[in-house]
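Below is structure_6.cif, holding mmCIF, C-alpha atoms and all ligand atoms.
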```cif
data_my_file
loop_
_atom_site.label_atom_id
_atom_site.label_comp_id
_atom_site.auth_asym_id
_atom_site.auth_seq_id
_atom_site.Cartn_x
_atom_site.Cartn_y
_atom_site.Cartn_z
CA MET A 514 0.00 0.00 0.00
CA LYS A 515 1.26 3.51 -0.88
CA PRO A 516 1.85 6.01 1.98
CA VAL A 517 -0.86 8.67 2.24
CA LYS A 518 1.38 11.43 3.54
CA LEU A 519 4.35 12.93 1.75
CA GLU A 520 7.42 14.17 3.60
CA THR A 521 8.67 17.43 2.04
CA ASN A 522 11.89 19.48 2.18
CA ILE A 523 13.90 16.30 2.17
CA ILE A 524 16.58 14.76 -0.05
CA HIS A 525 16.30 10.97 -0.07
CA ARG A 526 19.55 9.10 -0.53
CA GLY A 527 19.14 6.15 -2.86
CA ASP A 528 18.09 4.95 -6.28
CA CYS A 529 15.00 6.77 -7.53
CA ARG A 530 13.74 3.45 -8.96
CA GLU A 531 13.36 2.27 -5.36
CA ILE A 532 12.33 5.54 -3.70
CA LEU A 533 9.71 6.78 -6.18
CA PRO A 534 7.40 3.79 -5.49
CA THR A 535 7.28 4.87 -1.82
CA LEU A 536 5.71 8.26 -2.66
CA PRO A 537 1.91 8.70 -2.62
CA ASP A 538 -0.15 9.03 -5.82
CA GLU A 539 -0.68 12.51 -7.35
CA CYS A 540 1.19 14.47 -4.68
CA ILE A 541 3.65 16.49 -6.81
CA ASP A 542 2.96 19.79 -8.65
CA LEU A 543 6.11 19.94 -10.78
CA ILE A 544 8.98 17.61 -11.66
CA VAL A 545 12.21 19.24 -12.93
CA THR A 546 15.18 17.02 -13.54
CA SER A 547 18.30 16.36 -15.50
CA PRO A 548 18.98 12.60 -15.45
CA PRO A 549 22.35 11.10 -16.32
CA TYR A 550 22.73 11.29 -20.08
CA ALA A 551 23.41 8.08 -21.98
CA ASP A 552 27.07 7.26 -22.07
CA ARG A 553 29.24 4.37 -22.99
CA ARG A 554 31.77 5.21 -20.27
CA LYS A 555 31.00 3.16 -17.18
CA ASP A 556 33.02 5.47 -14.91
CA THR A 557 30.52 8.34 -15.23
CA TYR A 558 27.52 8.26 -12.90
CA GLY A 559 24.75 6.46 -14.67
CA GLY A 560 26.77 5.08 -17.54
CA ILE A 561 23.61 3.78 -19.22
CA PRO A 562 24.42 2.79 -22.82
CA PRO A 563 22.37 4.73 -25.40
CA ASP A 564 20.64 1.59 -26.72
CA GLU A 565 19.43 0.68 -23.20
CA TYR A 566 18.40 4.19 -22.18
CA VAL A 567 14.71 4.08 -23.09
CA ALA A 568 14.19 0.73 -21.33
CA TRP A 569 16.00 2.14 -18.26
CA PHE A 570 14.01 5.38 -18.15
CA LEU A 571 10.48 4.15 -18.88
CA PRO A 572 9.81 2.55 -15.46
CA ILE A 573 11.01 5.82 -13.89
CA SER A 574 8.76 8.00 -16.08
CA GLN A 575 5.86 5.64 -15.27
CA GLU A 576 6.38 6.34 -11.56
CA LEU A 577 6.77 10.07 -12.24
CA LYS A 578 3.41 10.00 -14.00
CA ARG A 579 1.80 8.29 -11.03
CA VAL A 580 3.12 10.80 -8.44
CA LEU A 581 2.39 13.92 -10.55
CA LYS A 582 -0.91 15.72 -9.93
CA PRO A 583 -3.26 15.77 -12.96
CA GLN A 584 -2.57 19.50 -13.60
CA GLY A 585 1.17 19.18 -12.96
CA SER A 586 4.11 19.42 -15.36
CA PHE A 587 7.30 17.46 -15.95
CA ILE A 588 10.40 19.24 -17.30
CA LEU A 589 13.08 16.89 -18.61
CA ASN A 590 16.47 18.48 -19.32
CA ILE A 591 18.48 16.19 -21.56
CA LYS A 592 20.79 16.16 -24.59
CA GLU A 593 21.95 13.46 -26.95
CA ARG A 594 25.69 13.05 -27.35
CA VAL A 595 27.65 12.42 -30.50
CA VAL A 596 28.89 8.85 -30.79
CA GLU A 597 31.34 7.95 -33.54
CA GLY A 598 30.52 11.04 -35.53
CA GLU A 599 26.74 10.70 -35.34
CA ARG A 600 24.13 12.19 -33.01
CA GLY A 601 22.43 9.63 -30.79
CA THR A 602 18.71 9.06 -31.33
CA TYR A 603 17.82 7.85 -27.84
CA VAL A 604 16.25 11.17 -26.80
CA MET A 605 13.87 11.10 -29.78
CA GLU A 606 13.07 7.46 -29.05
CA LEU A 607 12.42 8.34 -25.41
CA VAL A 608 9.95 11.12 -26.32
CA LEU A 609 8.03 8.72 -28.59
CA ALA A 610 8.03 5.99 -25.94
CA MET A 611 6.82 8.43 -23.26
CA ARG A 612 3.94 9.48 -25.51
CA LYS A 613 2.98 5.81 -25.79
CA GLN A 614 3.15 5.65 -21.99
CA GLY A 615 0.43 8.30 -21.87
CA TRP A 616 2.41 11.53 -21.50
CA LEU A 617 1.57 14.54 -23.65
CA TRP A 618 4.62 16.20 -25.21
CA THR A 619 3.23 19.67 -24.60
CA GLU A 620 6.21 21.87 -25.43
CA GLU A 621 9.94 21.99 -25.86
CA TYR A 622 12.02 24.79 -24.36
CA CYS A 623 15.57 25.35 -25.48
CA TRP A 624 18.24 26.20 -22.93
CA HIS A 625 20.81 28.28 -24.81
CA LYS A 626 24.08 28.23 -22.87
CA LYS A 627 24.95 31.83 -23.52
CA ASN A 628 28.50 31.63 -22.14
CA SER A 629 29.61 28.76 -24.41
CA TYR A 630 32.90 29.56 -26.05
CA PRO A 631 33.43 28.87 -29.73
CA GLY A 632 34.78 25.56 -30.92
CA LYS A 633 34.70 23.19 -33.86
CA TRP A 634 35.19 19.57 -34.84
CA PRO A 635 35.76 18.49 -38.44
CA ASN A 636 32.03 17.96 -38.96
CA ARG A 637 30.23 20.20 -36.42
CA PHE A 638 30.43 23.20 -34.07
CA ARG A 639 30.28 23.36 -30.29
CA ASP A 640 27.10 22.29 -28.53
CA ALA A 641 25.59 25.38 -26.94
CA TRP A 642 22.04 24.30 -26.11
CA GLU A 643 20.03 21.54 -24.45
CA HIS A 644 16.44 20.34 -24.61
CA CYS A 645 13.98 21.03 -21.80
CA TYR A 646 11.01 18.86 -22.72
CA HIS A 647 7.70 19.80 -21.16
CA PHE A 648 5.43 16.80 -20.56
CA THR A 649 1.97 16.93 -19.01
CA LYS A 650 -0.72 14.39 -18.14
CA GLN A 651 -3.54 16.39 -19.71
CA LYS A 652 -4.12 19.44 -21.90
CA GLN A 653 -5.23 21.62 -18.97
CA PHE A 654 -2.31 22.20 -16.64
CA LYS A 655 -1.29 24.93 -14.20
CA MET A 656 0.74 27.73 -15.84
CA PHE A 657 1.42 31.25 -14.54
CA GLN A 658 2.73 33.09 -17.60
CA GLU A 659 2.77 36.53 -15.93
CA SER A 660 5.41 35.30 -13.49
CA VAL A 661 8.11 35.01 -16.16
CA MET A 662 7.49 38.22 -18.13
CA VAL A 663 10.58 40.08 -19.27
CA PRO A 664 11.36 43.78 -19.83
CA MET A 665 10.09 45.07 -23.18
CA GLY A 666 13.61 45.72 -24.54
CA ASP A 667 15.10 48.37 -26.81
CA TRP A 668 13.08 47.44 -29.89
CA ALA A 669 9.87 48.92 -28.50
CA GLU A 670 10.61 52.64 -28.51
CA LYS A 671 11.64 52.75 -32.16
CA ARG A 672 9.05 50.24 -33.41
CA LEU A 673 6.05 51.75 -31.60
CA LYS A 674 6.86 55.39 -32.47
CA LYS A 675 5.38 55.25 -35.96
CA LEU A 676 2.65 52.65 -36.32
CA THR A 677 1.41 51.62 -39.75
CA LYS A 678 -2.24 50.85 -40.55
CA ASN A 679 -1.50 47.13 -40.23
CA ASP A 680 -0.05 47.59 -36.75
CA LEU A 681 -3.46 48.73 -35.50
CA VAL A 682 -5.29 45.55 -36.53
CA ARG A 683 -4.64 41.90 -35.80
CA ASP A 684 -2.24 40.61 -38.43
CA GLU A 685 -2.70 36.86 -38.83
CA SER A 686 0.44 34.82 -39.29
CA ARG A 687 1.20 34.23 -42.97
CA ALA A 688 2.58 30.81 -42.07
CA GLN A 689 -0.85 29.95 -40.61
CA SER A 690 0.67 29.16 -37.23
CA GLY A 691 -2.33 30.75 -35.48
CA PHE A 692 0.03 33.24 -33.81
CA GLY A 693 -1.35 36.52 -35.11
CA LYS A 694 -0.18 39.84 -33.66
CA ARG A 695 -1.45 43.39 -33.12
CA VAL A 696 1.66 45.54 -32.64
CA ALA A 697 -0.36 48.42 -31.11
CA ASN A 698 -1.17 46.16 -28.12
CA TRP A 699 2.35 46.76 -26.82
CA ILE A 700 1.97 50.55 -26.41
CA GLY A 701 2.40 51.59 -22.78
CA ARG A 702 3.59 48.18 -21.60
CA GLU A 703 6.80 47.63 -19.71
CA LYS A 704 6.89 43.85 -19.88
CA VAL A 705 6.28 41.19 -22.52
CA TYR A 706 6.05 37.41 -22.54
CA PRO A 707 9.33 35.57 -23.14
CA THR A 708 9.98 33.09 -25.94
CA ASN A 709 10.60 29.40 -25.39
CA VAL A 710 14.38 29.94 -25.62
CA LEU A 711 16.08 30.48 -22.25
CA HIS A 712 19.38 32.31 -22.52
CA LEU A 713 21.20 31.24 -19.35
CA ALA A 714 24.88 30.87 -18.61
CA THR A 715 26.10 27.46 -17.46
CA GLU A 716 27.12 27.07 -13.81
CA VAL A 717 30.86 27.62 -13.50
CA THR A 718 31.31 27.98 -9.73
CA ASN A 719 30.17 24.53 -8.47
CA LYS A 720 33.34 22.46 -8.56
CA ASN A 721 31.91 19.62 -6.45
CA HIS A 722 29.53 18.19 -9.06
CA SER A 723 30.43 17.92 -12.72
CA ALA A 724 26.96 18.30 -14.26
CA VAL A 725 25.00 20.97 -12.42
CA PHE A 726 22.51 23.19 -14.18
CA PRO A 727 22.29 26.89 -13.26
CA VAL A 728 19.80 27.67 -10.49
CA GLU A 729 17.99 30.03 -12.89
CA LEU A 730 16.90 27.05 -15.02
CA PRO A 731 14.72 25.23 -12.43
CA SER A 732 13.72 28.65 -10.98
CA TRP A 733 12.20 29.74 -14.30
CA PHE A 734 10.06 26.59 -14.59
CA ILE A 735 9.11 26.69 -10.89
CA LYS A 736 7.79 30.25 -11.33
CA LEU A 737 5.98 29.30 -14.53
CA PHE A 738 4.27 26.12 -13.30
CA THR A 739 3.83 26.46 -9.51
CA GLN A 740 2.61 28.75 -6.76
CA GLU A 741 3.95 29.29 -3.24
CA GLY A 742 3.62 26.17 -1.11
CA ASP A 743 3.51 23.80 -4.11
CA ILE A 744 5.73 20.70 -4.18
CA VAL A 745 8.61 20.23 -6.65
CA LEU A 746 10.32 16.86 -7.21
CA ASP A 747 13.77 16.21 -8.69
CA PRO A 748 14.51 12.44 -8.80
CA PHE A 749 18.15 13.03 -9.95
CA ILE A 750 18.92 16.05 -7.78
CA GLY A 751 22.76 15.91 -7.79
CA SER A 752 24.11 18.91 -5.88
CA GLY A 753 20.58 20.04 -4.96
CA THR A 754 20.13 22.92 -7.42
CA THR A 755 16.39 22.27 -7.85
CA ALA A 756 15.91 22.19 -4.07
CA ARG A 757 17.72 25.52 -3.65
CA ALA A 758 15.59 27.11 -6.38
CA THR A 759 12.48 25.70 -4.72
CA GLN A 760 13.41 26.85 -1.21
CA ASN A 761 14.29 30.31 -2.48
CA LEU A 762 10.87 30.67 -4.14
CA GLY A 763 8.84 29.52 -1.12
CA ARG A 764 7.86 26.12 -2.56
CA LYS A 765 8.60 22.69 -1.03
CA TYR A 766 11.07 20.18 -2.46
CA VAL A 767 11.48 16.43 -2.61
CA GLY A 768 14.84 15.32 -3.95
CA ILE A 769 16.37 11.91 -4.68
CA GLU A 770 20.08 11.30 -5.23
CA ALA A 771 22.00 8.03 -5.47
CA LYS A 772 25.43 9.30 -4.36
CA THR A 773 25.94 9.99 -0.66
CA GLU A 774 28.55 12.70 -1.27
CA TYR A 775 26.08 14.69 -3.39
CA VAL A 776 23.31 14.32 -0.78
CA THR A 777 25.71 15.73 1.83
CA LEU A 778 26.71 18.55 -0.50
CA ALA A 779 23.09 19.39 -1.32
CA ASN A 780 22.05 19.44 2.34
CA GLU A 781 24.99 21.67 3.30
CA GLU A 782 24.13 24.15 0.56
CA LEU A 783 20.47 24.12 1.57
CA VAL A 784 21.32 24.88 5.19
CA SER A 785 23.54 27.84 4.26
CA GLN A 786 20.87 29.16 1.89
CA ARG A 787 18.21 28.77 4.60
CA LYS A 788 20.35 30.80 7.02
CA LEU A 789 20.75 33.57 4.45
CA LEU A 790 17.01 33.58 3.72
CA GLU A 791 16.16 33.69 7.43
CA LYS A 792 18.56 36.59 7.90
CA ALA A 793 16.95 38.45 5.00
CA HIS A 794 13.45 37.89 6.42
CA ASP A 795 14.31 38.50 10.10
CA PRO A 796 12.20 41.57 11.06
CA TYR A 797 14.76 42.69 13.67
CA ARG A 798 17.59 42.62 11.13
CA ALA A 799 15.36 44.24 8.52
CA LYS A 800 14.78 47.14 10.95
CA GLU A 801 18.53 47.34 11.60
CA ARG A 802 19.14 47.49 7.88
CA THR A 803 16.67 50.32 7.27
CA GLN A 804 18.18 52.33 10.14
CA LYS A 805 21.69 52.15 8.59
C1 LIG A 901 23.04 15.31 -14.41
S1 LIG A 901 23.20 15.01 -12.69
C2 LIG A 901 22.05 16.15 -11.99
C3 LIG A 901 22.68 17.44 -11.60
C4 LIG A 901 21.72 18.41 -10.93
N1 LIG A 901 20.75 18.93 -11.87
C5 LIG A 901 22.48 19.57 -10.31
O1 LIG A 901 22.26 20.74 -10.71
O2 LIG A 901 23.34 19.32 -9.45
C6 LIG A 901 22.39 13.47 -12.47
C7 LIG A 901 22.46 12.96 -11.03
O3 LIG A 901 21.67 11.76 -10.94
C8 LIG A 901 22.28 10.90 -10.00
N2 LIG A 901 21.77 9.53 -10.29
C9 LIG A 901 22.13 8.68 -11.28
N3 LIG A 901 21.36 7.57 -11.26
C10 LIG A 901 20.46 7.74 -10.25
C11 LIG A 901 19.37 6.97 -9.75
N4 LIG A 901 19.08 5.78 -10.30
N5 LIG A 901 18.65 7.45 -8.72
C12 LIG A 901 18.96 8.66 -8.16
N6 LIG A 901 19.99 9.44 -8.59
C13 LIG A 901 20.72 8.99 -9.62
C14 LIG A 901 23.77 11.07 -10.25
O4 LIG A 901 24.54 10.68 -9.12
C15 LIG A 901 23.86 12.58 -10.55
O5 LIG A 901 24.18 13.32 -9.39
#
```
As structure tokens, how would this structure be written, given the file I've shared?
Amino acid sequence: MKPVKLETNIIHRGDCREILPTLPDECIDLIVTSPPYADRRKDTYGGIPPDEYVAWFLPISQELKRVLKPQGSFILNIKERVVEGERGTYVMELVLAMRKQGWLWTEEYCWHKKNSYPGKWPNRFRDAWEHCYHFTKQKQFKMFQESVMVPMGDWAEKRLKKLTKNDLVRDESRAQSGFGKRVANWIGREKVYPTNVLHLATEVTNKNHSAVFPVELPSWFIKLFTQEGDIVLDPFIGSGTTARATQNLGRKYVGIEAKTEYVTLANEELVSQRKLLEKAHDPYRAKERTQK
């Protein structure tokens, strides 16, 4: 029998294939994770060969589907490597297999690693982006688009100064995408909706884990798909980045990590962040600060 109560703000140490089945049904609002990518090298964590990846991941995604609330979202950050001069296909195969499992492939966001330095191989250039697949259980899911709006940008002043006749009416997309626009709608606004490309620098300061994502990545999805008090799960939490993003935004986290050293690292970082947050919210200190 599944437990009825979920413990939150905890990082479980162990294999997510064993820990996920101990979580109650439909208790999670958002899953954000970056699992080990397929690799032939056994010395990397995971080390799941590309041709076994889908079979390895499907029982995990089945459990993720069970624990996710009906209106919840699942963000999967992943990237296929190049093996012997050819891109792997396991990520595409995984998306198709997850659709068969009952997931909806609702959207794909692109994480552009804006600090990537240039580089080339004989047949390609440097990888500077990764997939962030957005899966849901149904077409209606929780989404708070206003929470990720961005400043209008420099284009507005020049573009909105002199409006043409077409700018005053809704101009339907010529490509029939259904995304029409009425440029005049942007007059007087300070913020606009972002695109589905996230321009974020990679994490360069965390030397204790080799594959961290920047805290801004989970933070962006947490703001977009959850509200304060909601519960965010990362079944491959590594150094705890998703938990720190969650704690900082006033949500609750559930993390799972197989390696003890990373669980220790994550918990240490969470404690120091909690102390900083408590200091920032301490009314006595706040008064002291305003008096300075
Ligand atoms: C790509 S890293 C995640 C990094 C994380 N996003 C961060 O910012 O630190 C994947 C993590 O999954 C862990 N891992 C691999 N297999 C696992 C499993 N079966 N259950 C739980 N954790 C696992 C690895 O030890 C590794 O820390």
Just the residues within 10 Å of Val725 in chain A, please, counting only C-alpha atoms, with nothing from its chain fewer than 4 positions along; format it as a PDB file with C-alpha atoms, keeping the file's coordinate frame.
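For reference, out_25.pdb as written:
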```pdb
ATOM      1  CA  SER A 547      18.300  16.360 -15.500  1.00  0.00           C
ATOM      2  CA  THR A 715      26.100  27.460 -17.460  1.00  0.00           C
ATOM      3  CA  GLU A 716      27.120  27.070 -13.810  1.00  0.00           C
ATOM      4  CA  VAL A 717      30.860  27.620 -13.500  1.00  0.00           C
ATOM      5  CA  THR A 718      31.310  27.980  -9.730  1.00  0.00           C
ATOM      6  CA  ASN A 719      30.170  24.530  -8.470  1.00  0.00           C
ATOM      7  CA  LYS A 720      33.340  22.460  -8.560  1.00  0.00           C
ATOM      8  CA  ASN A 721      31.910  19.620  -6.450  1.00  0.00           C
ATOM      9  CA  ILE A 750      18.920  16.050  -7.780  1.00  0.00           C
ATOM     10  CA  GLY A 751      22.760  15.910  -7.790  1.00  0.00           C
ATOM     11  CA  SER A 752      24.110  18.910  -5.880  1.00  0.00           C
ATOM     12  CA  GLY A 753      20.580  20.040  -4.960  1.00  0.00           C
ATOM     13  CA  THR A 754      20.130  22.920  -7.420  1.00  0.00           C
ATOM     14  CA  THR A 755      16.390  22.270  -7.850  1.00  0.00           C
TER      15      THR A 755
END
```
Select from range 531-568 of chain A every residue with an atom at most 10 Å from any atom of range 641-647 of chain A, then for each give the shortest pair of atoms and their distance in Å to one decimal, using all atoms listed in the file, rows by chain and rising number, as JSON lines.
```
{"residue": "A:Ile544", "atom": "CA", "partner": "A:His647", "partner_atom": "CA", "distance": 9.8}
{"residue": "A:Val545", "atom": "CA", "partner": "A:Cys645", "partner_atom": "CA", "distance": 9.2}
{"residue": "A:Thr546", "atom": "CA", "partner": "A:Cys645", "partner_atom": "CA", "distance": 9.3}
{"residue": "A:Ser547", "atom": "CA", "partner": "A:Cys645", "partner_atom": "CA", "distance": 9.0}
```
- Pick out the residues no farther than 8 Å from ligand LIG 901 (chain A), counting only C-alpha atoms and all ligand atoms, and list them as an MDAnalysis selection string. chainID A and resid 526:530 546:550 558:559 722:728 748:755 769:772 775
- Note on the structure: Using all atoms listed in the file, the best pick from A:Val776, A:Arg639, A:Trp624, A:Pro562 as closest to Pro731 in chain A would be A:Trp624
Axis-aligned box for range 659-678 of chain A, 5 Å per side, centre and edges in Å as JSON:
```
{"center_x": 6.4, "center_y": 45.2, "center_z": -27.0, "size_x": 27.3, "size_y": 30.4, "size_z": 37.1}
```
- Item | Which residue of A:Thr521, A:Asn590, A:Thr739, A:Asn698 approaches Asp542 in chain A most closely, using only C-alpha atoms |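 Using only C-alpha atoms, the shortest distance to Asp542 in chain A belongs to A:Thr739.
Of the listed residues A:Ala551, A:Leu737, A:Val745, A:Val767, the one whose atoms come nearest to Met656 in chain A is A:Leu737, with distances taken using all atoms listed in the file.
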- Straight-line distance linking CA of Ile561 in chain A with CA of Gly585 in chain A, stated in Å to one decimal: 27.9 Å
- Message: Measuring between all atoms listed in the file, which one of A:Gln689, A:Asn628, A:Thr708, A:Ser732 shows the shortest distance to Val663 in chain A?
- Response: A:Thr708
- Query: Using all atoms listed in the file, which residue out of A:Leu609, A:Gln575, A:Trp668, A:Asp552 lies closest to Arg594 in chain A?
  - Reply: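 Using all atoms listed in the file, the shortest distance to Arg594 in chain A belongs to A:Asp552.
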- Item | Surrounding residues of Lys582 in chain A excluding itself and chain neighbours under 6 positions, 8 Å, only C-alpha atoms, as a ChimeraX atom specification | /A:538-542
- Message: Between CA of Leu713 in chain A and CA of Thr602 in chain A, what is the distance in Å, rounded to a tenth?
- Response: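 CA of Leu713 in chain A sits 25.3 Å away from CA of Thr602 in chain A.
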- Message: With distances taken over all atoms listed in the file, which residue among A:Glu531, A:Glu659, A:Glu729, A:Glu782 lies nearest Glu576 in chain A?
- Response: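 Closest residue, counting all atoms listed in the file: A:Glu531.
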- Message: Report, in Å to a single decimal, how far apart CA of Lys592 in chain A and CA of Trp569 in chain A are.
- Response: 16.1 Å
- Message: Counting all atoms listed in the file, which residues sit no farther than 10 Å from the position (9.5, 31.0, -25.6) in the file's frame? I'd like them as a list in words.
- Response: Glu620, Glu621, Tyr622, Cys623, Tyr706, Pro707, Thr708, Asn709, Val710 and Leu711 of chain A
Leu676 in chain A surroundings by all atoms listed in the file, 12 Å radius, close-in-sequence under 6 positions cut, as a JSON list (two decimals) with C-alpha atoms, in the frame of the given file:
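The result, written out as result32.json:
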```json
[["chain", "number", "residue", "atom", "x", "y", "z"],
["A", 669, "ALA", "CA", 9.87, 48.92, -28.50],
["A", 670, "GLU", "CA", 10.61, 52.64, -28.51],
["A", 682, "VAL", "CA", -5.29, 45.55, -36.53],
["A", 695, "ARG", "CA", -1.45, 43.39, -33.12],
["A", 696, "VAL", "CA", 1.66, 45.54, -32.64],
["A", 697, "ALA", "CA", -0.36, 48.42, -31.11],
["A", 698, "ASN", "CA", -1.17, 46.16, -28.12],
["A", 699, "TRP", "CA", 2.35, 46.76, -26.82],
["A", 700, "ILE", "CA", 1.97, 50.55, -26.41]]
```
